[in-house]
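J.: What follows is work_33.txt, compact mmCIF, C-alpha atoms and all ligand atoms.
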# COMPACT_ATOMS: atom_id res chain seq x y z
CA MET E 1 0.00 0.00 0.00
CA SER E 2 1.21 3.51 -0.80
CA LEU E 3 3.65 5.05 1.67
CA VAL E 4 4.71 8.69 1.48
CA VAL E 5 7.24 10.69 3.52
CA THR E 6 8.32 14.29 3.81
CA GLY E 7 11.30 15.62 5.73
CA THR E 8 14.82 16.86 5.09
CA ILE E 9 17.43 15.77 2.58
CA GLY E 10 20.67 17.38 3.50
CA ILE E 11 24.42 17.49 3.84
CA ASP E 12 25.85 16.47 7.23
CA ASP E 13 29.14 16.93 9.09
CA ILE E 14 29.50 14.23 11.75
CA VAL E 15 32.01 13.68 14.55
CA THR E 16 31.83 10.46 16.57
CA PRO E 17 34.34 8.72 18.87
CA SER E 18 35.09 6.46 15.84
CA GLY E 19 36.04 9.26 13.45
CA HIS E 20 34.47 12.02 11.41
CA ALA E 21 32.78 12.57 8.08
CA GLU E 22 32.32 15.87 6.30
CA LYS E 23 29.74 16.89 3.73
CA VAL E 24 28.04 13.51 3.58
CA LEU E 25 24.50 12.68 2.50
CA GLY E 26 21.92 12.81 5.29
CA GLY E 27 18.53 14.18 6.28
CA SER E 28 15.52 12.65 7.99
CA CYS E 29 13.65 11.93 4.76
CA MET E 30 16.71 10.40 3.11
CA TYR E 31 17.36 7.90 5.88
CA PHE E 32 13.66 7.08 6.27
CA SER E 33 13.11 6.40 2.56
CA ALA E 34 16.25 4.31 2.21
CA ALA E 35 15.12 2.04 5.07
CA ALA E 36 11.46 1.85 4.00
CA SER E 37 12.48 0.99 0.42
CA PHE E 38 13.61 -2.46 1.58
CA TYR E 39 9.94 -3.27 2.27
CA GLY E 40 8.29 -1.77 -0.82
CA PRO E 41 7.86 1.48 -2.74
CA VAL E 42 8.14 4.79 -0.87
CA ARG E 43 7.17 8.19 -2.23
CA LEU E 44 9.46 11.02 -1.18
CA VAL E 45 8.63 14.72 -0.93
CA ALA E 46 11.58 17.00 -0.14
CA VAL E 47 13.43 20.05 -1.36
CA VAL E 48 17.15 20.63 -1.94
CA GLY E 49 19.08 23.56 -3.38
CA ASP E 50 20.92 23.52 -6.68
CA ASP E 51 24.13 22.97 -4.68
CA PHE E 52 22.97 19.39 -3.96
CA PRO E 53 25.78 17.19 -5.31
CA ASP E 54 25.09 14.85 -8.25
CA ALA E 55 26.88 12.05 -6.40
CA PHE E 56 24.19 12.24 -3.65
CA ARG E 57 21.44 12.09 -6.25
CA GLN E 58 23.04 8.92 -7.58
CA THR E 59 23.14 7.42 -4.07
CA LEU E 60 19.42 8.13 -3.74
CA HIS E 61 18.76 6.28 -6.99
CA ARG E 62 20.64 3.23 -5.67
CA PHE E 63 17.50 2.47 -3.63
CA PRO E 64 15.13 1.23 -6.36
CA GLY E 65 12.09 1.40 -4.07
CA ILE E 66 12.35 5.20 -3.72
CA ASP E 67 10.03 7.20 -5.96
CA ALA E 68 11.81 10.56 -6.15
CA ALA E 69 9.22 12.36 -8.31
CA GLY E 70 8.57 14.59 -5.28
CA LEU E 71 12.20 15.74 -4.93
CA GLU E 72 12.32 19.42 -5.86
CA THR E 73 15.59 21.16 -6.70
CA ARG E 74 15.19 24.87 -5.98
CA LYS E 75 17.19 27.24 -8.19
CA GLY E 76 19.56 29.46 -6.24
CA GLY E 77 18.60 27.72 -2.97
CA LYS E 78 20.91 26.22 -0.37
CA THR E 79 20.50 22.59 0.69
CA PHE E 80 19.73 21.89 4.38
CA ARG E 81 22.95 21.36 6.37
CA TRP E 82 23.44 19.86 9.83
CA GLY E 83 26.47 19.12 11.98
CA GLY E 84 26.51 16.86 15.03
CA LYS E 85 29.07 15.63 17.54
CA TYR E 86 28.44 12.46 19.57
CA HIS E 87 29.46 12.01 23.18
CA ASP E 88 31.63 9.07 24.25
CA ASN E 89 28.59 6.88 24.99
CA MET E 90 27.33 7.47 21.39
CA ASP E 91 23.80 7.77 22.79
CA SER E 92 23.73 11.52 23.13
CA ARG E 93 25.00 14.24 20.81
CA ASP E 94 25.31 17.98 20.44
CA THR E 95 24.06 19.76 17.37
CA LEU E 96 26.98 21.88 16.12
CA PHE E 97 24.94 23.80 13.55
CA THR E 98 21.67 23.67 11.63
CA GLU E 99 21.41 25.65 8.41
CA LEU E 100 17.83 25.32 7.23
CA GLY E 101 18.43 26.79 3.74
CA VAL E 102 15.54 25.84 1.43
CA VAL E 103 13.75 24.11 4.35
CA ALA E 104 12.97 27.59 5.76
CA GLU E 105 11.30 28.58 2.47
CA ALA E 106 8.05 27.35 0.87
CA PRO E 107 7.59 23.59 1.31
CA PRO E 108 8.06 21.31 -1.71
CA ALA E 109 5.00 20.63 -3.88
CA VAL E 110 3.24 17.30 -3.38
CA PRO E 111 2.88 15.54 -6.77
CA ALA E 112 -0.81 15.05 -7.70
CA ALA E 113 -0.16 11.33 -8.11
CA TYR E 114 0.69 11.07 -4.39
CA ALA E 115 -2.72 12.34 -3.20
CA ASP E 116 -4.04 8.78 -2.78
CA SER E 117 -1.29 7.82 -0.29
CA ARG E 118 -2.57 5.67 2.58
CA PHE E 119 0.46 5.65 4.88
CA VAL E 120 2.09 8.94 5.79
CA PHE E 121 5.30 9.60 7.68
CA LEU E 122 6.21 13.12 8.75
CA ALA E 123 9.97 12.86 9.24
CA ASN E 124 11.71 15.60 11.17
CA SER E 125 10.94 19.02 9.77
CA HIS E 126 9.16 22.17 10.90
CA PRO E 127 5.76 21.11 12.40
CA ALA E 128 3.98 23.73 10.25
CA VAL E 129 5.40 22.02 7.15
CA GLN E 130 4.38 18.62 8.55
CA LEU E 131 0.85 19.93 9.13
CA GLY E 132 0.57 21.42 5.64
CA PHE E 133 1.71 18.13 4.13
CA LEU E 134 -0.79 16.09 6.12
CA GLU E 135 -3.66 18.26 4.93
CA GLN E 136 -2.86 17.36 1.32
CA LEU E 137 -3.33 13.62 1.96
CA PRO E 138 -7.06 13.08 2.61
CA LYS E 139 -6.96 9.32 1.88
CA ARG E 140 -4.53 8.52 4.68
CA ALA E 141 -5.16 5.43 6.80
CA LEU E 142 -2.25 5.97 9.20
CA ALA E 143 -0.16 9.09 9.83
CA VAL E 144 2.90 9.04 12.09
CA ALA E 145 5.21 11.97 12.94
CA ASP E 146 8.73 12.37 14.27
CA THR E 147 9.99 15.47 16.03
CA MET E 148 13.06 16.74 17.85
CA ASP E 149 14.38 19.30 20.32
CA LEU E 150 14.77 22.13 17.80
CA TRP E 151 11.05 22.02 16.93
CA ILE E 152 9.94 21.54 20.55
CA ASN E 153 11.93 24.69 21.40
CA THR E 154 10.97 26.83 18.43
CA ALA E 155 7.57 25.62 17.16
CA LYS E 156 5.75 24.02 20.10
CA ASP E 157 2.35 25.55 19.24
CA HIS E 158 2.37 24.02 15.76
CA LEU E 159 3.61 20.75 17.22
CA LEU E 160 0.69 20.57 19.65
CA VAL E 161 -1.78 21.09 16.78
CA LEU E 162 0.00 18.37 14.80
CA LEU E 163 -0.25 15.91 17.70
CA ARG E 164 -4.03 16.15 17.59
CA LYS E 165 -4.02 15.10 13.93
CA VAL E 166 -1.63 12.13 13.80
CA ASP E 167 -2.14 8.50 14.82
CA GLY E 168 1.38 8.00 16.10
CA LEU E 169 4.46 9.86 17.31
CA VAL E 170 8.09 8.68 17.36
CA LEU E 171 10.65 10.58 19.44
CA ASN E 172 13.70 10.22 21.70
CA TYR E 173 13.31 9.77 25.46
CA ASP E 174 14.90 13.14 26.26
CA GLU E 175 12.56 14.85 23.79
CA ALA E 176 9.58 13.07 25.39
CA GLU E 177 10.73 14.41 28.74
CA GLN E 178 11.20 17.91 27.29
CA LEU E 179 7.70 17.89 25.81
CA THR E 180 5.88 16.48 28.85
CA SER E 181 8.10 17.39 31.84
CA ARG E 182 7.79 13.68 32.85
CA ARG E 183 11.03 11.83 33.60
CA ASN E 184 9.47 8.37 33.68
CA THR E 185 9.16 7.11 30.10
CA VAL E 186 5.82 5.33 30.58
CA ALA E 187 4.34 8.41 32.26
CA ALA E 188 5.72 10.62 29.46
CA GLY E 189 4.20 8.26 26.88
CA ARG E 190 0.78 8.34 28.57
CA HIS E 191 0.94 12.12 28.79
CA LEU E 192 1.69 12.28 25.05
CA LEU E 193 -1.36 10.07 24.34
CA ASP E 194 -3.44 12.70 26.15
CA MET E 195 -2.16 15.20 23.57
CA GLY E 196 -3.76 13.26 20.70
CA PRO E 197 -2.03 10.25 19.12
CA ARG E 198 -3.11 6.61 19.58
CA PHE E 199 0.45 5.48 20.13
CA VAL E 200 3.85 6.86 20.96
CA VAL E 201 7.20 5.18 20.38
CA ILE E 202 9.90 6.48 22.70
CA LYS E 203 13.42 5.63 21.50
CA LYS E 204 16.15 5.01 24.05
CA GLY E 205 19.20 4.45 21.84
CA GLU E 206 21.15 1.34 22.75
CA HIS E 207 18.47 0.53 25.35
CA GLY E 208 15.80 -0.02 22.72
CA CYS E 209 12.37 1.55 22.67
CA LEU E 210 9.08 1.72 24.50
CA LEU E 211 5.71 1.55 22.77
CA VAL E 212 2.93 3.26 24.69
CA HIS E 213 -0.35 2.51 22.89
CA ARG E 214 -3.92 3.12 23.99
CA ASP E 215 -4.25 -0.69 24.01
CA GLY E 216 -1.03 -1.64 25.78
CA VAL E 217 2.60 -1.00 26.59
CA CYS E 218 5.62 -2.95 25.37
CA ALA E 219 9.39 -2.59 25.58
CA LEU E 220 11.79 -3.88 22.93
CA PRO E 221 15.57 -4.11 23.32
CA ALA E 222 17.90 -2.77 20.64
CA PHE E 223 19.76 -5.34 18.54
CA PRO E 224 23.07 -5.68 20.43
CA THR E 225 25.94 -4.59 18.20
CA GLU E 226 29.63 -3.93 18.90
CA ASN E 227 30.30 -2.17 15.63
CA VAL E 228 29.09 1.32 16.49
CA VAL E 229 30.49 3.90 14.05
CA ASP E 230 27.84 6.60 13.51
CA PRO E 231 24.34 6.68 15.07
CA THR E 232 23.15 9.46 12.72
CA GLY E 233 19.94 8.46 11.02
CA CYS E 234 19.22 5.54 13.36
CA GLY E 235 15.97 7.19 14.45
CA ASP E 236 14.89 7.85 10.88
CA THR E 237 15.76 4.37 9.62
CA PHE E 238 14.01 2.92 12.67
CA ALA E 239 10.89 4.80 11.56
CA GLY E 240 11.45 3.70 7.94
CA GLY E 241 11.51 0.04 8.97
CA LEU E 242 8.44 0.56 11.16
CA MET E 243 6.33 2.27 8.49
CA GLY E 244 7.67 0.13 5.61
CA ALA E 245 6.73 -3.03 7.51
CA ILE E 246 3.24 -1.71 8.30
CA ALA E 247 2.50 -0.37 4.81
CA HIS E 248 3.81 -3.44 3.00
CA HIS E 249 2.87 -6.16 5.48
CA LYS E 250 2.40 -9.49 3.74
CA PRO E 251 -0.04 -11.61 5.71
CA SER E 252 1.07 -15.15 6.58
CA ALA E 253 -0.29 -17.97 8.74
CA SER E 254 1.68 -16.71 11.76
CA GLN E 255 1.06 -13.00 11.00
CA PRO E 256 -2.47 -12.66 9.55
CA ALA E 257 -3.77 -9.48 7.93
CA ASP E 258 -4.76 -6.81 10.45
CA PRO E 259 -7.65 -4.59 9.37
CA ASP E 260 -6.28 -1.85 11.63
CA PRO E 261 -2.68 -0.93 10.68
CA GLY E 262 -2.35 1.18 13.84
CA SER E 263 -3.37 -1.61 16.22
CA PHE E 264 -1.11 -2.51 19.15
CA ALA E 265 -0.20 -5.85 17.51
CA SER E 266 0.55 -4.29 14.12
CA VAL E 267 2.79 -1.54 15.53
CA ARG E 268 4.58 -3.93 17.89
CA ARG E 269 5.34 -6.37 15.05
CA ALA E 270 6.62 -3.57 12.79
CA LEU E 271 8.84 -2.12 15.53
CA VAL E 272 11.02 -5.22 15.29
CA HIS E 273 11.80 -4.27 11.68
CA GLY E 274 12.64 -0.71 12.73
CA THR E 275 14.93 -2.04 15.44
CA VAL E 276 16.74 -4.39 13.07
CA ILE E 277 17.32 -1.91 10.25
CA ALA E 278 18.55 0.80 12.64
CA SER E 279 21.20 -1.64 13.85
CA PHE E 280 22.71 -1.63 10.34
CA THR E 281 22.67 2.17 9.97
CA ILE E 282 24.94 2.57 12.99
CA GLU E 283 27.68 0.42 11.45
CA ALA E 284 29.01 3.10 9.07
CA PHE E 285 28.88 6.85 8.41
CA SER E 286 26.03 8.38 6.44
CA LEU E 287 24.11 5.85 4.31
CA ASP E 288 27.20 3.77 3.57
CA ARG E 289 25.94 0.62 5.28
CA LEU E 290 22.44 0.92 3.84
CA THR E 291 23.74 1.14 0.27
CA GLN E 292 25.50 -2.22 0.82
CA LEU E 293 22.49 -3.89 2.41
CA ALA E 294 20.25 -6.59 0.88
CA ARG E 295 16.83 -7.65 2.13
CA ARG E 296 18.24 -11.09 3.02
CA ASP E 297 20.66 -9.38 5.51
CA ILE E 298 17.67 -7.77 7.22
CA ASP E 299 15.75 -11.06 7.31
CA GLN E 300 18.75 -12.90 8.74
CA ARG E 301 19.21 -10.36 11.53
CA TYR E 302 15.44 -10.35 12.15
CA ASP E 303 15.63 -14.11 12.81
CA GLN E 304 18.59 -13.61 15.17
CA TYR E 305 16.66 -10.89 17.01
CA ALA E 306 13.50 -13.01 17.23
CA ALA E 307 15.53 -15.89 18.70
CA MET E 308 17.17 -13.52 21.18
CA VAL E 309 13.94 -12.06 22.56
CA ARG E 310 12.01 -15.34 22.71
CA VAL E 311 11.26 -16.28 26.33
P1 LIG E 401 18.54 11.04 13.54
O1 LIG E 401 19.96 10.67 13.90
O2 LIG E 401 17.69 9.88 13.18
O3 LIG E 401 17.93 11.98 14.51
O4 LIG E 401 18.62 11.86 12.16
C1 LIG E 401 19.71 12.67 11.83
C2 LIG E 401 19.44 13.31 10.47
O5 LIG E 401 18.41 14.28 10.61
C3 LIG E 401 20.66 13.99 9.93
O6 LIG E 401 21.03 13.39 8.70
C4 LIG E 401 20.26 15.45 9.76
O7 LIG E 401 20.57 15.97 8.50
C5 LIG E 401 18.78 15.49 9.98
N1 LIG E 401 18.38 16.57 10.89
C6 LIG E 401 19.09 17.08 11.93
N2 LIG E 401 18.40 18.07 12.55
C7 LIG E 401 17.22 18.18 11.89
C8 LIG E 401 16.06 19.01 12.06
N3 LIG E 401 15.98 19.93 13.02
N4 LIG E 401 15.02 18.81 11.21
C9 LIG E 401 15.09 17.88 10.25
N5 LIG E 401 16.14 17.08 10.03
C10 LIG E 401 17.20 17.21 10.85
Show the structure stored in the file as structure tokens.
Ligand code: AMP
T.:
Amino acid sequence: MSLVVTGTIGIDDIVTPSGHAEKVLGGSCMYFSAAASFYGPVRLVAVVGDDFPDAFRQTLHRFPGIDAAGLETRKGGKTFRWGGKYHDNMDSRDTLFTELGVVAEAPPAVPAAYADSRFVFLANSHPAVQLGFLEQLPKRALAVADTMDLWINTAKDHLLVLLRKVDGLVLNYDEAEQLTSRRNTVAAGRHLLDMGPRFVVIKKGEHGCLLVHRDGVCALPAFPTENVVDPTGCGDTFAGGLMGAIAHHKPSASQPADPDPGSFASVRRALVHGTVIASFTIEAFSLDRLTQLARRDIDQRYDQYAAMVRV
């Protein structure tokens, strides 16, 4: 079923305890689409400036599932740029700079052919842009949003309106605390449900994630990995695996079709895919690991994960 995403496509500078990478491909929408494309087609809506390197465009086209008809290149505009530096534990980071460039201008146009999209993901971007995008997709069956500290600090009013319109929210534990003033993750999740969505996924880095749904609560560990190079994009690829698995779920005897894609069981099942694909992203800078990945690698790690969590 049709999945569409909007968010940033940008150029990142990253410093981690393992090394650094300058002027590499990044952006919330880029990571999300790359991950989701392993599950089926994904429609992308984003804007870059005419300084966006051709080599990055070619990387984007290495993911055959990405439909890039909604990628706008704005003449004379500057591509979104972000710099981040990770702390020794790799779980927390400081933003060194954010240059919004074209992201601060008019949002990209949504191709008419995307209007029938059923599954919508609002990757990190200004909440007003997320809201405007959502309004153009009247056929949606499930809409999920991501957000982060910058938007909680600078656009909280828009964010609160957005929360009343989406089915789900994905965010980091410190952002959940910032938004709700609740330190306990379950309490923060419940507070966020009061703000509108049916479910909230709170990410806790190497400690996994917590799903707080109107119909239940569940915790999932991260896939344990020693090869931690660059966590950038883990949150976005986590969301890409989650939404890709929901939108393109193939019913089987053990996992029958669910008429409600936002049900507790459906979201919980799909979170395993998000967890697994994020564990690949962290193994290299930028999208380097994802460009080398095949679906069979994901399936193999999924089986390892399933065996690990079975009790
Ligand atoms: P993640 O590590 O999953 O939070 O995603 C990091 C990616 O998000 C990087 O590639 C950045 O280019 C992009 N990014 C960083 N800050 C923002 C922001 N405020 N809005 C949208 N995208 C962002």
J.: What lies within 8 Å of Leu25 in chain E using all atoms listed in the file, ignoring chain neighbours under 2 positions off, as a PDB file with C-alpha atoms, keeping the file's coordinate frame?
T.:
ATOM      1  CA  ILE E   9      17.430  15.770   2.580  1.00  0.00           C
ATOM      2  CA  GLY E  10      20.670  17.380   3.500  1.00  0.00           C
ATOM      3  CA  ILE E  11      24.420  17.490   3.840  1.00  0.00           C
ATOM      4  CA  ASP E  12      25.850  16.470   7.230  1.00  0.00           C
ATOM      5  CA  LYS E  23      29.740  16.890   3.730  1.00  0.00           C
ATOM      6  CA  GLY E  27      18.530  14.180   6.280  1.00  0.00           C
ATOM      7  CA  PHE E  56      24.190  12.240  -3.650  1.00  0.00           C
ATOM      8  CA  SER E 286      26.030   8.380   6.440  1.00  0.00           C
ATOM      9  CA  LEU E 287      24.110   5.850   4.310  1.00  0.00           C
TER      10      LEU E 287
END
J.: Which protein, DNA or RNA residues are at most 9 Å from (2.2, -0.3, 26.6) in the file's coordinates when you count only C-alpha atoms, listed as JSON, numbers by chain?
T.: {"E": [186, 189, 190, 199, 210, 211, 212, 213, 214, 215, 216, 217, 218, 219, 264]}
J.: Could you take the residues named above and write them with C-alpha atoms, as a compact mmCIF listing (two decimals), in the coordinates of the input?
T.:
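Saved file part10.txt follows:
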# COMPACT_ATOMS: atom_id res chain seq x y z
CA VAL E 186 5.82 5.33 30.58
CA GLY E 189 4.20 8.26 26.88
CA ARG E 190 0.78 8.34 28.57
CA PHE E 199 0.45 5.48 20.13
CA LEU E 210 9.08 1.72 24.50
CA LEU E 211 5.71 1.55 22.77
CA VAL E 212 2.93 3.26 24.69
CA HIS E 213 -0.35 2.51 22.89
CA ARG E 214 -3.92 3.12 23.99
CA ASP E 215 -4.25 -0.69 24.01
CA GLY E 216 -1.03 -1.64 25.78
CA VAL E 217 2.60 -1.00 26.59
CA CYS E 218 5.62 -2.95 25.37
CA ALA E 219 9.39 -2.59 25.58
CA PHE E 264 -1.11 -2.51 19.15
J.: Using only C-alpha atoms, which residues sit within 7 Å of Phe119 in chain E once same-chain residues fewer than 5 positions away are excluded, as a list in words?
T.: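 Counting only C-alpha atoms, the residues come to Ser2, Leu3, Val4, Arg140, Ala141, Leu142, Ala143 and Ala247 of chain E.
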J.: Write out, as a short mmCIF file (atom, residue, chain, number, x, y, z; two decimals), in the frame of the given file, the residues just selected, with C-alpha atoms.
T.:
data_model
loop_
_atom_site.label_atom_id
_atom_site.label_comp_id
_atom_site.auth_asym_id
_atom_site.auth_seq_id
_atom_site.Cartn_x
_atom_site.Cartn_y
_atom_site.Cartn_z
CA SER E 2 1.21 3.51 -0.80
CA LEU E 3 3.65 5.05 1.67
CA VAL E 4 4.71 8.69 1.48
CA ARG E 140 -4.53 8.52 4.68
CA ALA E 141 -5.16 5.43 6.80
CA LEU E 142 -2.25 5.97 9.20
CA ALA E 143 -0.16 9.09 9.83
CA ALA E 247 2.50 -0.37 4.81
#
J.: Can you pull out every residue with an atom within 9 Å of ligand LIG 401 (chain E)? Use only C-alpha atoms and all ligand atoms and format it as a PyMOL selection string.
T.: chain E and resi 7-13+24-32+80-84+95+97-98+100+103+123-126+147-151+171-172+230-239+286
J.: With distances taken over all atoms listed in the file, which of E:Gln130, E:Thr225, E:Ser33, E:Gln292 is nearest to Leu60 in chain E?
T.: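 Checking each of E:Gln130, E:Thr225, E:Ser33, E:Gln292 against Leu60 in chain E, counting all atoms listed in the file, the winner is E:Ser33.
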J.: Which residue gives the smallest distance to Lys85 in chain E among E:Gly196, E:Pro251, E:Pro17, E:Gly240, with all atoms listed in the file counted?
T.: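 Among the listed residues, the smallest separation from Lys85 in chain E belongs to E:Pro17.
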J.: Just checking: using all atoms listed in the file, which residue out of E:Ala187, E:Met1, E:Thr59, E:Asp174 ends up closest to Pro261 in chain E?
T.: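 That would be E:Met1, the residue with the smallest distance to Pro261 in chain E.
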J.: List the spatial neighbours of Asp88 in chain E as a list in words - criterion: any atom at most 12 Å away, only C-alpha atoms, same-chain residues fewer than 6 positions off excluded.
T.: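 Selected residues are Val15, Thr16, Pro17, Ser18, Gly19, Asp94, Val228, Val229, Asp230 and Pro231 of chain E.
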J.: Just the number, please: distance in Å from CA of Gly77 in chain E to CA of Glu105 in chain E, one decimal.
T.: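 Interatomic distance here is 9.1 Å.
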J.: Can you patch up range 108-126 of chain E, filling it in to N, CA, C and O atoms, and show the result as a CSV table (one decimal), keeping the file's coordinate frame?
T.:
chain,number,residue,atom,x,y,z
E,108,PRO,N,8.1,21.9,-0.4
E,108,PRO,CA,8.1,21.3,-1.7
E,108,PRO,C,6.6,20.9,-2.1
E,108,PRO,O,5.8,20.6,-1.2
E,109,ALA,N,6.3,21.0,-3.4
E,109,ALA,CA,5.0,20.6,-3.9
E,109,ALA,C,4.8,19.1,-3.8
E,109,ALA,O,5.7,18.3,-4.0
E,110,VAL,N,3.6,18.7,-3.4
E,110,VAL,CA,3.2,17.3,-3.4
E,110,VAL,C,2.7,16.9,-4.8
E,110,VAL,O,1.7,17.4,-5.2
E,111,PRO,N,3.4,16.0,-5.5
E,111,PRO,CA,2.9,15.5,-6.8
E,111,PRO,C,1.4,15.1,-6.7
E,111,PRO,O,1.0,14.4,-5.7
E,112,ALA,N,0.6,15.4,-7.7
E,112,ALA,CA,-0.8,15.0,-7.7
E,112,ALA,C,-1.0,13.5,-7.6
E,112,ALA,O,-1.9,13.1,-6.9
E,113,ALA,N,-0.1,12.8,-8.1
E,113,ALA,CA,-0.2,11.3,-8.1
E,113,ALA,C,0.0,10.8,-6.7
E,113,ALA,O,-0.3,9.6,-6.5
E,114,TYR,N,0.5,11.6,-5.8
E,114,TYR,CA,0.7,11.1,-4.4
E,114,TYR,C,-0.6,11.3,-3.5
E,114,TYR,O,-0.6,10.8,-2.4
E,115,ALA,N,-1.6,11.9,-4.0
E,115,ALA,CA,-2.7,12.3,-3.2
E,115,ALA,C,-3.5,11.1,-2.6
E,115,ALA,O,-4.2,11.3,-1.6
E,116,ASP,N,-3.3,10.0,-3.3
E,116,ASP,CA,-4.0,8.8,-2.8
E,116,ASP,C,-3.2,8.0,-1.7
E,116,ASP,O,-3.6,6.9,-1.4
E,117,SER,N,-2.1,8.6,-1.2
E,117,SER,CA,-1.3,7.8,-0.3
E,117,SER,C,-2.0,7.4,1.0
E,117,SER,O,-2.8,8.2,1.6
E,118,ARG,N,-1.9,6.2,1.4
E,118,ARG,CA,-2.6,5.7,2.6
E,118,ARG,C,-1.7,5.8,3.9
E,118,ARG,O,-2.3,5.9,4.9
E,119,PHE,N,-0.4,5.6,3.7
E,119,PHE,CA,0.5,5.6,4.9
E,119,PHE,C,1.4,6.9,4.8
E,119,PHE,O,2.0,7.1,3.7
E,120,VAL,N,1.4,7.7,5.8
E,120,VAL,CA,2.1,8.9,5.8
E,120,VAL,C,3.1,9.0,6.9
E,120,VAL,O,2.7,8.8,8.1
E,121,PHE,N,4.3,9.4,6.6
E,121,PHE,CA,5.3,9.6,7.7
E,121,PHE,C,5.8,11.0,7.6
E,121,PHE,O,6.3,11.5,6.5
E,122,LEU,N,5.7,11.7,8.7
E,122,LEU,CA,6.2,13.1,8.8
E,122,LEU,C,7.6,13.1,9.5
E,122,LEU,O,7.6,13.1,10.7
E,123,ALA,N,8.6,12.9,8.7
E,123,ALA,CA,10.0,12.9,9.2
E,123,ALA,C,10.3,14.2,9.8
E,123,ALA,O,9.6,15.2,9.5
E,124,ASN,N,11.4,14.3,10.5
E,124,ASN,CA,11.7,15.6,11.2
E,124,ASN,C,11.7,16.8,10.2
E,124,ASN,O,12.5,16.8,9.2
E,125,SER,N,11.0,17.8,10.5
E,125,SER,CA,10.9,19.0,9.8
E,125,SER,C,10.1,20.0,10.6
E,125,SER,O,9.6,19.6,11.7
E,126,HIS,N,9.9,21.2,10.1
E,126,HIS,CA,9.2,22.2,10.9
E,126,HIS,C,7.7,21.6,11.0
E,126,HIS,O,7.1,21.2,10.0
